[in-house]
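Chemist: My structure is below; once you've seen it, I'll send some questions.
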Amino acid sequence: MKIVMAVIKPFKLEEVRDALTALGVHGLTVTEVKGYGRQKGHTEIYRGAEYAVSFLPKIKIEVAVSADLVASAVEAIANAARTGQIGDGKIFVVPLEKAVRIRTGETDGDAL
Amino acid sequence: MKIVMAVIKPFKLEEVRDALTALGVHGLTVTEVKGYGRQKGHTEIYRGAEYAVSFLPKIKIEVAVSADLVASAVEAIANAARTGQIGDGKIFVVPLEKAVRIRTGETDGDAL
Amino acid sequence: MKIVMAVIKPFKLEEVRDALTALGVHGLTVTEVKGYGRQKGHTEIYRGAEYAVSFLPKIKIEVAVSADLVASAVEAIANAARTGQIGDGKIFVVPLEKAVRIRTGETDGDAL
Amino acid sequence: MMPSILTKAAASTLALAVLATAAVAQDAAPETAEAVEYALAGDTAFVFNTLLFLIGGFLVMWMAAGFAMLEAGMVRSKNVSMQCLKNIGLYSIAGLMFWVVGYNLMYDGVDGGFLGSFTPKAIPAPDAEAAGDGYAAASDWFFQMVFCATTASIVSGTIAERTKMWPFFIFVAILTGIIYPITGSWQWGGGWLAEMGFSDFAGSTLVHSVGGWAALAGALIIGARTDKYSADGKVMPLPGSSMPLATLGTFILWLGWFGFNGGSQLAMGTIADASAVSKIFMNTNLAAAAGVVAAMILCQVVYKKVDLTIALNGALAGLVSITAGPLDPSVPLAILIGAVGGAIVVFAVPLLDKLKIDDVVGAIPVHLLAGIWGTMVVPLSTDGTSFVTQFIGVVSIGAFAFVASGIVWYVLKMATGLRVTKEEEMAGLDKLEVGVEAYPEFAGAGRI
Amino acid sequence: MMPSILTKAAASTLALAVLATAAVAQDAAPETAEAVEYALAGDTAFVFNTLLFLIGGFLVMWMAAGFAMLEAGMVRSKNVSMQCLKNIGLYSIAGLMFWVVGYNLMYDGVDGGFLGSFTPKAIPAPDAEAAGDGYAAASDWFFQMVFCATTASIVSGTIAERTKMWPFFIFVAILTGIIYPITGSWQWGGGWLAEMGFSDFAGSTLVHSVGGWAALAGALIIGARTDKYSADGKVMPLPGSSMPLATLGTFILWLGWFGFNGGSQLAMGTIADASAVSKIFMNTNLAAAAGVVAAMILCQVVYKKVDLTIALNGALAGLVSITAGPLDPSVPLAILIGAVGGAIVVFAVPLLDKLKIDDVVGAIPVHLLAGIWGTMVVPLSTDGTSFVTQFIGVVSIGAFAFVASGIVWYVLKMATGLRVTKEEEMAGLDKLEVGVEAYPEFAGAGRI
Amino acid sequence: MMPSILTKAAASTLALAVLATAAVAQDAAPETAEAVEYALAGDTAFVFNTLLFLIGGFLVMWMAAGFAMLEAGMVRSKNVSMQCLKNIGLYSIAGLMFWVVGYNLMYDGVDGGFLGSFTPKAIPAPDAEAAGDGYAAASDWFFQMVFCATTASIVSGTIAERTKMWPFFIFVAILTGIIYPITGSWQWGGGWLAEMGFSDFAGSTLVHSVGGWAALAGALIIGARTDKYSADGKVMPLPGSSMPLATLGTFILWLGWFGFNGGSQLAMGTIADASAVSKIFMNTNLAAAAGVVAAMILCQVVYKKVDLTIALNGALAGLVSITAGPLDPSVPLAILIGAVGGAIVVFAVPLLDKLKIDDVVGAIPVHLLAGIWGTMVVPLSTDGTSFVTQFIGVVSIGAFAFVASGIVWYVLKMATGLRVTKEEEMAGLDKLEVGVEAYPEFAGAGRI
Ligand SMILES: Nc1ncnc2c1ncn2[C@@H]1O[C@H](COP(=O)(O)OP(=O)(O)O)[C@@H](O)[C@H]1O
Ligand SMILES: Nc1ncnc2c1ncn2[C@@H]1O[C@H](COP(=O)(O)OP(=O)(O)O)[C@@H](O)[C@H]1O
Ligand SMILES: Nc1ncnc2c1ncn2[C@@H]1O[C@H](COP(=O)(O)OP(=O)(O)O)[C@@H](O)[C@H]1O
């Protein structure tokens, strides 16, 4: 099992979720984050003082999937989230040792 | 060492923290997240247009624990967070290779 | 490759980012979180009822780095984030199996 | 506020009296001139009085927005849309009900009795009104209506965050159409209390306590918010979502109160009346100021911090306290009256929590308790009043308002239910009945 | 509101007439006294009338804040600063333009024709004014100016979240300096429509529909927000960022409307005028209340939830509906007129979405459609009006406002462009042209 | 605003004079009639004047809410509750102090000198006032009090986000009880500056600059916010938490300013006075509008973006600029005066930052600098004024206000300390002294 963690552009969330659902992944957790990267932010001005806003709003998705689904999940996310513009984001795959569904106590594969 | 990451219902946070404290775990990090899963959201209506709100507010807890505490921490969280209703959430265990306490520079076991 | 995840005091963010940039790390993802730890919160009072605010605002940084950069990244973060006061936070290192840059499809080292 | 029926007489006494005299003694040119002149003064007085009602009325109408903002700031985000909806809804319903039945039930043919007539308020054509009427009938209706609406506004805050919307609106319709007009008729309608010599200038009891009693009955029957009192009796603070909105609401109410108390002089056509309205402004402002300062100092002493919400409540308690008698007290007495109001809040808010009476915005201390205090203190400065009569007024009006409200709440509880389910309460009232979140983007569902 | 030019005459007719008479028959002492007296009454009337304009004027000025808050609450956070800036900017530009050219274009020498003169408004020295003028010229300008500004406020909400700032301001300058004054001159300036017998007391058509037509033209030419309608025709709700601000804005507008409709009586120096203003307050309030209640009930029936934003729109639609004739309807008729306004909103809001006309705040249903309804229903209660003439007024003013606005929007589209780019729209208008985020700390960039 | 003591005379000169004449020549019927009549006119004038004070007064009172909202929007979330508390607290303290000592120190027995008497303000019984008084004493107190409170409101914004609460309140008590009344007595109390011919109609200098000087002294002695200027001299913007609240506050202030400037005519009982009030409304509005437009255009030119907070400041600077002479300038001159005010803001805001004077809301450019500008430009339109006298007034009042404030700030710094600790500043003032967070749920502690 792995956790696939993706940082994407906010307005791509629905498309990514649909792509994952199409794969049979029916659960995910979403966090509002700020991203810093090559995509440069914009300059704001407040009362005569300019300042760079370099952290941009992004959405982080965490989805736990069984090992066999990892590759297709990564691909699905990448395809759905791609605009081709700088700042499209990253996908990271992290090992997952155990998963538990709190409601039932089911574990691992059954818990996802 | 592992990171135990749990997605729970927001109003269960205090109980989960108390359960972990009882185990001797005295630090954790909490994030407001949105969850998508089997628990269906609700329909909202805005100016005559209905739309489904499928992402529900959840709380994500991340707690780093030594290997021997993992099982009991997972159990403690599961017990404290369970309502038996759909949407109770998930617990994920992820390997943790290194931990550092910034203030002192202590590492690993001493840093938790 | 590893994900270095650090929980720091919010006002240290800029310094930490600068320290990482100095190392050649040009991307990171930031989340607003609440921390619970040894640093005790403060008491608030609302309409005659006192209550403890034990979760304090922190910033979580996640940065994916190649294996050879892990040690220096951890050190850079620790040095930049340290105030010596309780509540400075923690750094965790988690294994990272795969990284993808969504825009280009580049993977792993090239994706960071 | 004097009984409307008495006012007419009062406002135009001079004009009519002089006209009458003039009619008797029409033998000299100067006399004639004087007669016409006083008639003209009557015209001017009519316009001034009407203007006072209109200005006072729009200021009190604005208080509806004050309550809405105060309450929107004091509830949690998940209930803010609902609180806004309840507030604009209740103001609308109060207006309609006070036309359909409320006004006449309060003012029409009370004659020392217990209620007026169950008829809609009729308004004469503009050109059918005369100087002797003292003011335009519609301006009077408008002014009295906003008082009625205020009573309902008081209720919505106390029982926020758990009460179903439509049953609440039904309660509002009965409160503003029946209950408030009946107790109002006893005094301002010229009913039995007025005859007995009870005094409540602008409504510490008639408006604020009545609203407070209705709120208390509701709080008892509806019960506390689910997570307000823990099993072991601890009070769980549920901080309001926006302190600046609560502050804005309080400032709006303070502003509106100049209309509430000043307008209750009911006349502005003479030097004495204009001067009285001015003194009312001064006393009202200083009582509120004293309420704030007293609440701040006591908070500091008791808690070592100054709770903004208590300071805001202190302003309102000062205002409610001075409302029963804003004209007669000397300035120092007005300051004292307001300061005690502020003190009441500091001690009554935690007391109510000890009794597990869950009052989200503090309307019971502010409107009910300070309203009683303000009414009982009237004899210190107003001639012809007595503590006994004031007490009879406070108790009789309180008993009726509390029992009648209690019955309505109870019947609604049986008939339709008053509370949302625990799940709906947890999720927030905005989801179930409104369907529109107050801040869909801020840390709430909807943004993502 | 009657044509300003006529008003002067109306307001002071009595005084002048009597003075004239007195001048003819100065043979007896009482007569002389009477003459002086009426002159004095004229002085008093002058002050009362002026006061009505000033009070009414500041209440309507306050509506600019109401629009700002309503719109700030109904747009998404990323566009809130821009919406605030547009609102304070448009109010400022409207004021300047209405002095530079608007007022005289509307009122100076229209004489039954189609427009006045292209000159700035001149104000006499205070000590050069006389009772016969009826009211202070500057108070009249101020009162008329805030109506002009209201027209522009209506536009900003509809086309929010996608329109460039400076082109919008250019449009506002032309709307408030030229378009609104021209249609205004036809009726209130004493132009051809006034001569024909068209009736629009306070501006259901002259202000609200004109604003609505300008907004509609803008919405059509600028197009919908990028993510409002999906490719398959589905409507994507884009909930506003703050419901309490939208509620506050609505309450402000409601309050301001007492000035809007009440002040449009244009005189308060006599019993009949004061009484008329009072009846207008009453009818205005009840129409708004009925709009809220009707919208709430219909929402409940149709959607099983009560959308707060629709209830708020319902209040405004009730207000707009009664604006063409707030004096003449009986109370029940006023309630009915307002209730239909509320109903219009419930059905027209989704209808516009079906037509893919993207109106962020609902200004088209509220101001244009309820404005037409309110104007057309006038003959039910106002003598001397006819459905035909009302229809001619609605259509002719609508056609001119829509076509003229459309031309200006179109020319601006060609000359400067009207829309921000898709990327800028996605990022929010606050970033590009304002550079200051509305809530930099809340889930927005800037905090971190 | 003329000295209160002079006003009385002015307002009732006519009535008294005529009464006196009448008393001498009572031989003919018409004369008698006329005498009575003028007395009556005096009555009416009394009511009108009082009404002007009450309406003007409540509008200026409302400005307290405007400052509260403006400042709540311009500070960061962690300091919003404190800012709200300071604002309602200062308004309350100002009211009490201005009764206890301020009013009489400003107006009682100044007689061309440097201060009045240290006594509380006494109010006659309503029926003891007469037409010859010109207006109700309490209405005058109320009107003057809100000006005093405004002065204190100006200070709270500049020194926000770092100043301890109770020392701030002590400063407010001294400012409103002593400092403001003393400088006020020099001019409006009929002191030496009034005798010299200084002119400051509604208080560009007496209110706004005094507040600005007190704020400047505070900013210098308290120092900048910890993270405002980096070690290498860079300015770190600390954006305010809510732009719609800042916008709302500005609109409230704009509205209140009609009372501020219009009411300062101090009389409305004659055609000339009513007309003057009207012209003041017009000039005031257009100066503000010009301030906005000038600030927006200059922002666009200088920064390529239009900073909303500068546009808002521009409105206020336009208002402050016209306040010293809102009646006499022609309309184009009023527009120019306001526009220069707006320009001042655009350039002074960054300039202050260069000097490392940390003014959170821009009160120094808006109130101090535009106040000086407005006062110095008076001789362009007001007869009998001179640049020299204006300069003497600006400098002497400025020197006294700055030095006296500086001493008070300094003593407080030594005695109690003025700043919270660096840790408390980082954590936010709401935690330490208020204990209630402004937005406990939004990205702040408390929700979880
Ligand atoms: N090394 C990294 N570790 C964690 N997050 C990263 C890293 N690099 C980039 N990111 C995230 O990915 C987002 C997009 O990266 P960016 O460099 O702007 O564009 P692109 O992915 O198109 O090259 C960033 O905003 C940040 O949130
Ligand atoms: N595969 C997954 N990966 C990450 N988070 C998940 C996954 N499945 C569920 N979740 C999280 O767990 C929450 C609860 O899941 P849900 O399916 O609604 O109920 P239950 O856990 O009772 O089956 C979701 O809201 C989501 O935050
Ligand atoms: N075991 C843990 N797991 C996850 N996060 C932790 C853990 N312990 C501490 N933290 C995070 O680190 C922050 C600082 O810890 P704290 O104990 O207050 O101070 P210090 O790090 O100086 O000992 C906490 O607020 C919390 O966010």
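Naming works like this for the structure tokens: A, B, ... for the chains as they're shown, residue 1 at the start of each chain, ligands 1 onward in shown order.
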Extract, using only C-alpha atoms, all DNA, RNA and protein residues at most 10 Å from Leu115 in chain F, discarding same-chain residues fewer than 4 positions from it, and format them as number ranges by chain.
Modeler: F: 104-111, 178, 181-186, 189-192
Chemist: Could you please extract the residues within 10 Å of ligand 1, counting only C-alpha atoms and all ligand atoms, and hand them back as a ChimeraX atom specification?
Modeler: /A:6-9,33-41,54-60,82-92 /C:2-5,25-31,61-66,99-106,109-112
Chemist: With 9 Å as the limit and counting only C-alpha atoms, what residues in chain C lie close to chain D? Please list them as a VMD selection string.
Modeler: chain C and resid 44 to 51
Chemist: Next, dump the selected residues to file, keeping only all heavy atoms, as a PDB file, in the first residue's frame.
Modeler:
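Just written: out.pdb:
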```
ATOM      1  N   GLU C  44      -7.918  31.370  27.644  1.00  0.00           N
ATOM      2  CA  GLU C  44      -8.796  32.414  27.163  1.00  0.00           C
ATOM      3  C   GLU C  44     -10.040  32.396  28.039  1.00  0.00           C
ATOM      4  O   GLU C  44     -10.299  31.448  28.778  1.00  0.00           O
ATOM      5  CB  GLU C  44      -9.150  32.184  25.693  1.00  0.00           C
ATOM      6  CG  GLU C  44      -7.917  32.136  24.819  1.00  0.00           C
ATOM      7  CD  GLU C  44      -8.100  32.680  23.421  1.00  0.00           C
ATOM      8  OE1 GLU C  44      -9.244  32.769  22.960  1.00  0.00           O
ATOM      9  OE2 GLU C  44      -7.074  33.008  22.782  1.00  0.00           O
ATOM     10  N   ILE C  45     -10.749  33.483  27.982  1.00  0.00           N
ATOM     11  CA  ILE C  45     -11.956  33.573  28.788  1.00  0.00           C
ATOM     12  C   ILE C  45     -13.043  34.068  27.869  1.00  0.00           C
ATOM     13  O   ILE C  45     -12.842  34.987  27.087  1.00  0.00           O
ATOM     14  CB  ILE C  45     -11.723  34.521  29.975  1.00  0.00           C
ATOM     15  CG1 ILE C  45     -12.891  34.442  30.927  1.00  0.00           C
ATOM     16  CG2 ILE C  45     -11.475  35.957  29.530  1.00  0.00           C
ATOM     17  CD1 ILE C  45     -12.412  34.656  32.344  1.00  0.00           C
ATOM     18  N   TYR C  46     -14.172  33.410  27.902  1.00  0.00           N
ATOM     19  CA  TYR C  46     -15.272  33.819  27.033  1.00  0.00           C
ATOM     20  C   TYR C  46     -16.541  33.839  27.846  1.00  0.00           C
ATOM     21  O   TYR C  46     -17.004  32.812  28.302  1.00  0.00           O
ATOM     22  CB  TYR C  46     -15.392  32.868  25.846  1.00  0.00           C
ATOM     23  CG  TYR C  46     -16.398  33.317  24.813  1.00  0.00           C
ATOM     24  CD1 TYR C  46     -16.123  34.382  23.966  1.00  0.00           C
ATOM     25  CD2 TYR C  46     -17.627  32.675  24.702  1.00  0.00           C
ATOM     26  CE1 TYR C  46     -17.050  34.793  23.007  1.00  0.00           C
ATOM     27  CE2 TYR C  46     -18.557  33.083  23.752  1.00  0.00           C
ATOM     28  CZ  TYR C  46     -18.262  34.142  22.907  1.00  0.00           C
ATOM     29  OH  TYR C  46     -19.197  34.541  21.955  1.00  0.00           O
ATOM     30  N   ARG C  47     -17.030  35.034  28.074  1.00  0.00           N
ATOM     31  CA  ARG C  47     -18.265  35.192  28.806  1.00  0.00           C
ATOM     32  C   ARG C  47     -18.213  34.494  30.164  1.00  0.00           C
ATOM     33  O   ARG C  47     -19.119  33.773  30.545  1.00  0.00           O
ATOM     34  CB  ARG C  47     -19.458  34.728  27.986  1.00  0.00           C
ATOM     35  CG  ARG C  47     -19.499  35.456  26.624  1.00  0.00           C
ATOM     36  CD  ARG C  47     -20.683  35.151  25.787  1.00  0.00           C
ATOM     37  NE  ARG C  47     -21.901  35.729  26.327  1.00  0.00           N
ATOM     38  CZ  ARG C  47     -22.141  37.030  26.412  1.00  0.00           C
ATOM     39  NH1 ARG C  47     -21.229  37.904  25.995  1.00  0.00           N
ATOM     40  NH2 ARG C  47     -23.255  37.465  26.920  1.00  0.00           N
ATOM     41  N   GLY C  48     -17.114  34.709  30.860  1.00  0.00           N
ATOM     42  CA  GLY C  48     -17.007  34.223  32.228  1.00  0.00           C
ATOM     43  C   GLY C  48     -16.523  32.798  32.369  1.00  0.00           C
ATOM     44  O   GLY C  48     -16.259  32.342  33.479  1.00  0.00           O
ATOM     45  N   ALA C  49     -16.391  32.090  31.263  1.00  0.00           N
ATOM     46  CA  ALA C  49     -15.893  30.715  31.349  1.00  0.00           C
ATOM     47  C   ALA C  49     -14.473  30.654  30.813  1.00  0.00           C
ATOM     48  O   ALA C  49     -14.220  31.021  29.668  1.00  0.00           O
ATOM     49  CB  ALA C  49     -16.809  29.777  30.569  1.00  0.00           C
ATOM     50  N   GLU C  50     -13.559  30.182  31.661  1.00  0.00           N
ATOM     51  CA  GLU C  50     -12.180  30.054  31.205  1.00  0.00           C
ATOM     52  C   GLU C  50     -12.004  28.758  30.426  1.00  0.00           C
ATOM     53  O   GLU C  50     -12.656  27.755  30.703  1.00  0.00           O
ATOM     54  CB  GLU C  50     -11.234  30.030  32.408  1.00  0.00           C
ATOM     55  CG  GLU C  50     -11.170  31.365  33.125  1.00  0.00           C
ATOM     56  CD  GLU C  50      -9.864  31.516  33.900  1.00  0.00           C
ATOM     57  OE1 GLU C  50      -9.058  30.554  33.922  1.00  0.00           O
ATOM     58  OE2 GLU C  50      -9.642  32.592  34.463  1.00  0.00           O
ATOM     59  N   TYR C  51     -11.102  28.777  29.492  1.00  0.00           N
ATOM     60  CA  TYR C  51     -10.786  27.529  28.803  1.00  0.00           C
ATOM     61  C   TYR C  51      -9.377  27.613  28.266  1.00  0.00           C
ATOM     62  O   TYR C  51      -8.874  28.689  27.948  1.00  0.00           O
ATOM     63  CB  TYR C  51     -11.798  27.221  27.698  1.00  0.00           C
ATOM     64  CG  TYR C  51     -11.832  28.209  26.563  1.00  0.00           C
ATOM     65  CD1 TYR C  51     -11.355  27.873  25.303  1.00  0.00           C
ATOM     66  CD2 TYR C  51     -12.361  29.491  26.759  1.00  0.00           C
ATOM     67  CE1 TYR C  51     -11.401  28.785  24.266  1.00  0.00           C
ATOM     68  CE2 TYR C  51     -12.403  30.407  25.731  1.00  0.00           C
ATOM     69  CZ  TYR C  51     -11.924  30.049  24.483  1.00  0.00           C
ATOM     70  OH  TYR C  51     -11.974  30.955  23.458  1.00  0.00           O
TER      71      TYR C  51
END
```
Chemist: So, counting only C-alpha atoms, which residue among E:Asp127, E:Asp133, E:Glu195, E:Glu423 is closest to chain F?
Modeler: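 The closest residue to chain F is E:Asp127.
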Chemist: Give me the residues near Ala287 in chain D as a ChimeraX atom specification, where near means some atom within 6 Å (using only C-alpha atoms) and where sequence neighbours in that chain fewer than 3 positions away do not count.
Modeler: /D:283-284,290,318,334-335,338
Chemist: How far is it from CA of Ser153 in chain F to CA of Asn49 in chain F, in Å with one decimal?
Modeler: 26.4 Å
Chemist: From the list B:Lys98, B:Asp68, B:Ala52, B:Ala81, which residue is nearest chain A when using only C-alpha atoms?
Modeler: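 Smallest separation from chain A among the options: B:Ala81.
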Chemist: Just the residues within 10 Å of Ser242 in chain F, please, counting only C-alpha atoms, with nothing from its chain fewer than 6 positions along; format it as a ChimeraX atom specification.
Modeler: /E:80-81,437-442 /F:69-77,80
Chemist: Using N, CA, C and O atoms, can you export the residues from the last selection as a PDB file, in the first residue's frame?
Modeler:
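Now in result-v8.pdb:
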```pdb
ATOM      1  N   VAL E  80     -13.231  40.611  -3.620  1.00  0.00           N
ATOM      2  CA  VAL E  80     -13.927  41.474  -2.671  1.00  0.00           C
ATOM      3  C   VAL E  80     -13.306  42.878  -2.615  1.00  0.00           C
ATOM      4  O   VAL E  80     -14.019  43.880  -2.589  1.00  0.00           O
ATOM      5  N   SER E  81     -12.002  42.966  -2.610  1.00  0.00           N
ATOM      6  CA  SER E  81     -11.366  44.293  -2.587  1.00  0.00           C
ATOM      7  C   SER E  81     -11.779  45.095  -3.804  1.00  0.00           C
ATOM      8  O   SER E  81     -12.095  46.287  -3.718  1.00  0.00           O
ATOM      9  N   GLU E 437      -5.376  42.133  -1.130  1.00  0.00           N
ATOM     10  CA  GLU E 437      -6.401  41.110  -0.955  1.00  0.00           C
ATOM     11  C   GLU E 437      -7.365  41.481   0.155  1.00  0.00           C
ATOM     12  O   GLU E 437      -6.992  42.136   1.127  1.00  0.00           O
ATOM     13  N   ALA E 438      -8.590  41.030  -0.007  1.00  0.00           N
ATOM     14  CA  ALA E 438      -9.630  41.406   0.942  1.00  0.00           C
ATOM     15  C   ALA E 438      -9.393  40.770   2.310  1.00  0.00           C
ATOM     16  O   ALA E 438      -9.559  41.398   3.344  1.00  0.00           O
ATOM     17  N   TYR E 439      -9.032  39.517   2.293  1.00  0.00           N
ATOM     18  CA  TYR E 439      -8.793  38.786   3.530  1.00  0.00           C
ATOM     19  C   TYR E 439      -7.444  38.105   3.407  1.00  0.00           C
ATOM     20  O   TYR E 439      -7.387  36.892   3.215  1.00  0.00           O
ATOM     21  N   PRO E 440      -6.361  38.829   3.510  1.00  0.00           N
ATOM     22  CA  PRO E 440      -5.062  38.227   3.196  1.00  0.00           C
ATOM     23  C   PRO E 440      -4.720  37.057   4.103  1.00  0.00           C
ATOM     24  O   PRO E 440      -3.887  36.227   3.757  1.00  0.00           O
ATOM     25  N   GLU E 441      -5.357  36.998   5.245  1.00  0.00           N
ATOM     26  CA  GLU E 441      -4.987  35.944   6.191  1.00  0.00           C
ATOM     27  C   GLU E 441      -5.826  34.695   6.075  1.00  0.00           C
ATOM     28  O   GLU E 441      -5.396  33.621   6.461  1.00  0.00           O
ATOM     29  N   PHE E 442      -7.016  34.836   5.609  1.00  0.00           N
ATOM     30  CA  PHE E 442      -7.930  33.701   5.613  1.00  0.00           C
ATOM     31  C   PHE E 442      -7.753  32.914   4.343  1.00  0.00           C
ATOM     32  O   PHE E 442      -8.227  33.327   3.294  1.00  0.00           O
TER      33      PHE E 442
ATOM     34  N   MET F  69     -14.735  50.040  12.629  1.00  0.00           N
ATOM     35  CA  MET F  69     -14.714  49.100  11.510  1.00  0.00           C
ATOM     36  C   MET F  69     -13.480  49.318  10.636  1.00  0.00           C
ATOM     37  O   MET F  69     -12.836  48.370  10.195  1.00  0.00           O
ATOM     38  N   LEU F  70     -13.164  50.579  10.376  1.00  0.00           N
ATOM     39  CA  LEU F  70     -11.977  50.878   9.575  1.00  0.00           C
ATOM     40  C   LEU F  70     -10.743  50.254  10.215  1.00  0.00           C
ATOM     41  O   LEU F  70      -9.939  49.581   9.560  1.00  0.00           O
ATOM     42  N   GLU F  71     -10.614  50.460  11.511  1.00  0.00           N
ATOM     43  CA  GLU F  71      -9.427  49.955  12.199  1.00  0.00           C
ATOM     44  C   GLU F  71      -9.467  48.430  12.348  1.00  0.00           C
ATOM     45  O   GLU F  71      -8.437  47.763  12.214  1.00  0.00           O
ATOM     46  N   ALA F  72     -10.658  47.887  12.598  1.00  0.00           N
ATOM     47  CA  ALA F  72     -10.761  46.422  12.678  1.00  0.00           C
ATOM     48  C   ALA F  72     -10.334  45.784  11.356  1.00  0.00           C
ATOM     49  O   ALA F  72      -9.751  44.703  11.334  1.00  0.00           O
ATOM     50  N   GLY F  73     -10.629  46.469  10.254  1.00  0.00           N
ATOM     51  CA  GLY F  73     -10.250  45.935   8.960  1.00  0.00           C
ATOM     52  C   GLY F  73      -8.784  46.130   8.629  1.00  0.00           C
ATOM     53  O   GLY F  73      -8.214  45.374   7.839  1.00  0.00           O
ATOM     54  N   MET F  74      -8.159  47.117   9.242  1.00  0.00           N
ATOM     55  CA  MET F  74      -6.779  47.452   8.901  1.00  0.00           C
ATOM     56  C   MET F  74      -5.747  46.789   9.815  1.00  0.00           C
ATOM     57  O   MET F  74      -4.552  46.860   9.537  1.00  0.00           O
ATOM     58  N   VAL F  75      -6.166  46.213  10.910  1.00  0.00           N
ATOM     59  CA  VAL F  75      -5.212  45.472  11.739  1.00  0.00           C
ATOM     60  C   VAL F  75      -5.309  43.986  11.400  1.00  0.00           C
ATOM     61  O   VAL F  75      -6.233  43.548  10.736  1.00  0.00           O
ATOM     62  N   ARG F  76      -4.325  43.257  11.862  1.00  0.00           N
ATOM     63  CA  ARG F  76      -4.349  41.820  11.601  1.00  0.00           C
ATOM     64  C   ARG F  76      -5.298  41.118  12.573  1.00  0.00           C
ATOM     65  O   ARG F  76      -5.559  41.616  13.669  1.00  0.00           O
ATOM     66  N   SER F  77      -5.795  39.967  12.158  1.00  0.00           N
ATOM     67  CA  SER F  77      -6.834  39.262  12.924  1.00  0.00           C
ATOM     68  C   SER F  77      -6.512  39.155  14.395  1.00  0.00           C
ATOM     69  O   SER F  77      -7.388  39.264  15.239  1.00  0.00           O
ATOM     70  N   VAL F  80      -7.747  42.207  16.289  1.00  0.00           N
ATOM     71  CA  VAL F  80      -9.031  42.813  15.919  1.00  0.00           C
ATOM     72  C   VAL F  80      -9.944  42.998  17.135  1.00  0.00           C
ATOM     73  O   VAL F  80     -10.594  44.035  17.290  1.00  0.00           O
TER      74      VAL F  80
END
```
Chemist: Grab the CA of Ser264 in chain F to CA of Ala202 in chain F distance for me, in Å with one decimal place.
Modeler: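 One can read the CA of Ser264 in chain F to CA of Ala202 in chain F distance as 5.5 Å.
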Chemist: Nearest to chain A: which of C:Ala80, C:Leu69, C:Glu32, C:Val53 is it, counting only C-alpha atoms?
Modeler: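 Comparing C:Ala80, C:Leu69, C:Glu32, C:Val53 against chain A, the winner is C:Glu32.
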Chemist: Which residues are close to Gly223 in chain D, i.e. within 8 Å by only C-alpha atoms, leaving aside same-chain residues fewer than 5 positions away? Reply as a list in words.
Modeler: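 What passes the distance filter is Gly218, Ile357 and Asp358 of chain D.
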Chemist: Based on the backbone DSSP call, show me all residues of range 124-330 of chain E assigned alpha helix (DSSP H), as a ChimeraX atom specification.
Modeler: /E:137-158,165-174,180-187,192-196,210-222,243-257,263,271-303,308-323
Chemist: Give the residues of chain E that lie within 7 Å of chain D; count only C-alpha atoms, and format the answer as an MDAnalysis selection string.
Modeler: chainID E and resid 30 33:34 239 241:244 247:248 251 255 269:272 274:276 278:279 282 286 289:290 292:293 305:308 442:443
Chemist: Smallest atom-to-atom distance to chain B: which of C:Asn79, C:Met1, C:Thr107, C:His42, using only C-alpha atoms?
Modeler: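 Ranked by minimum distance to chain B, first place goes to C:Asn79.
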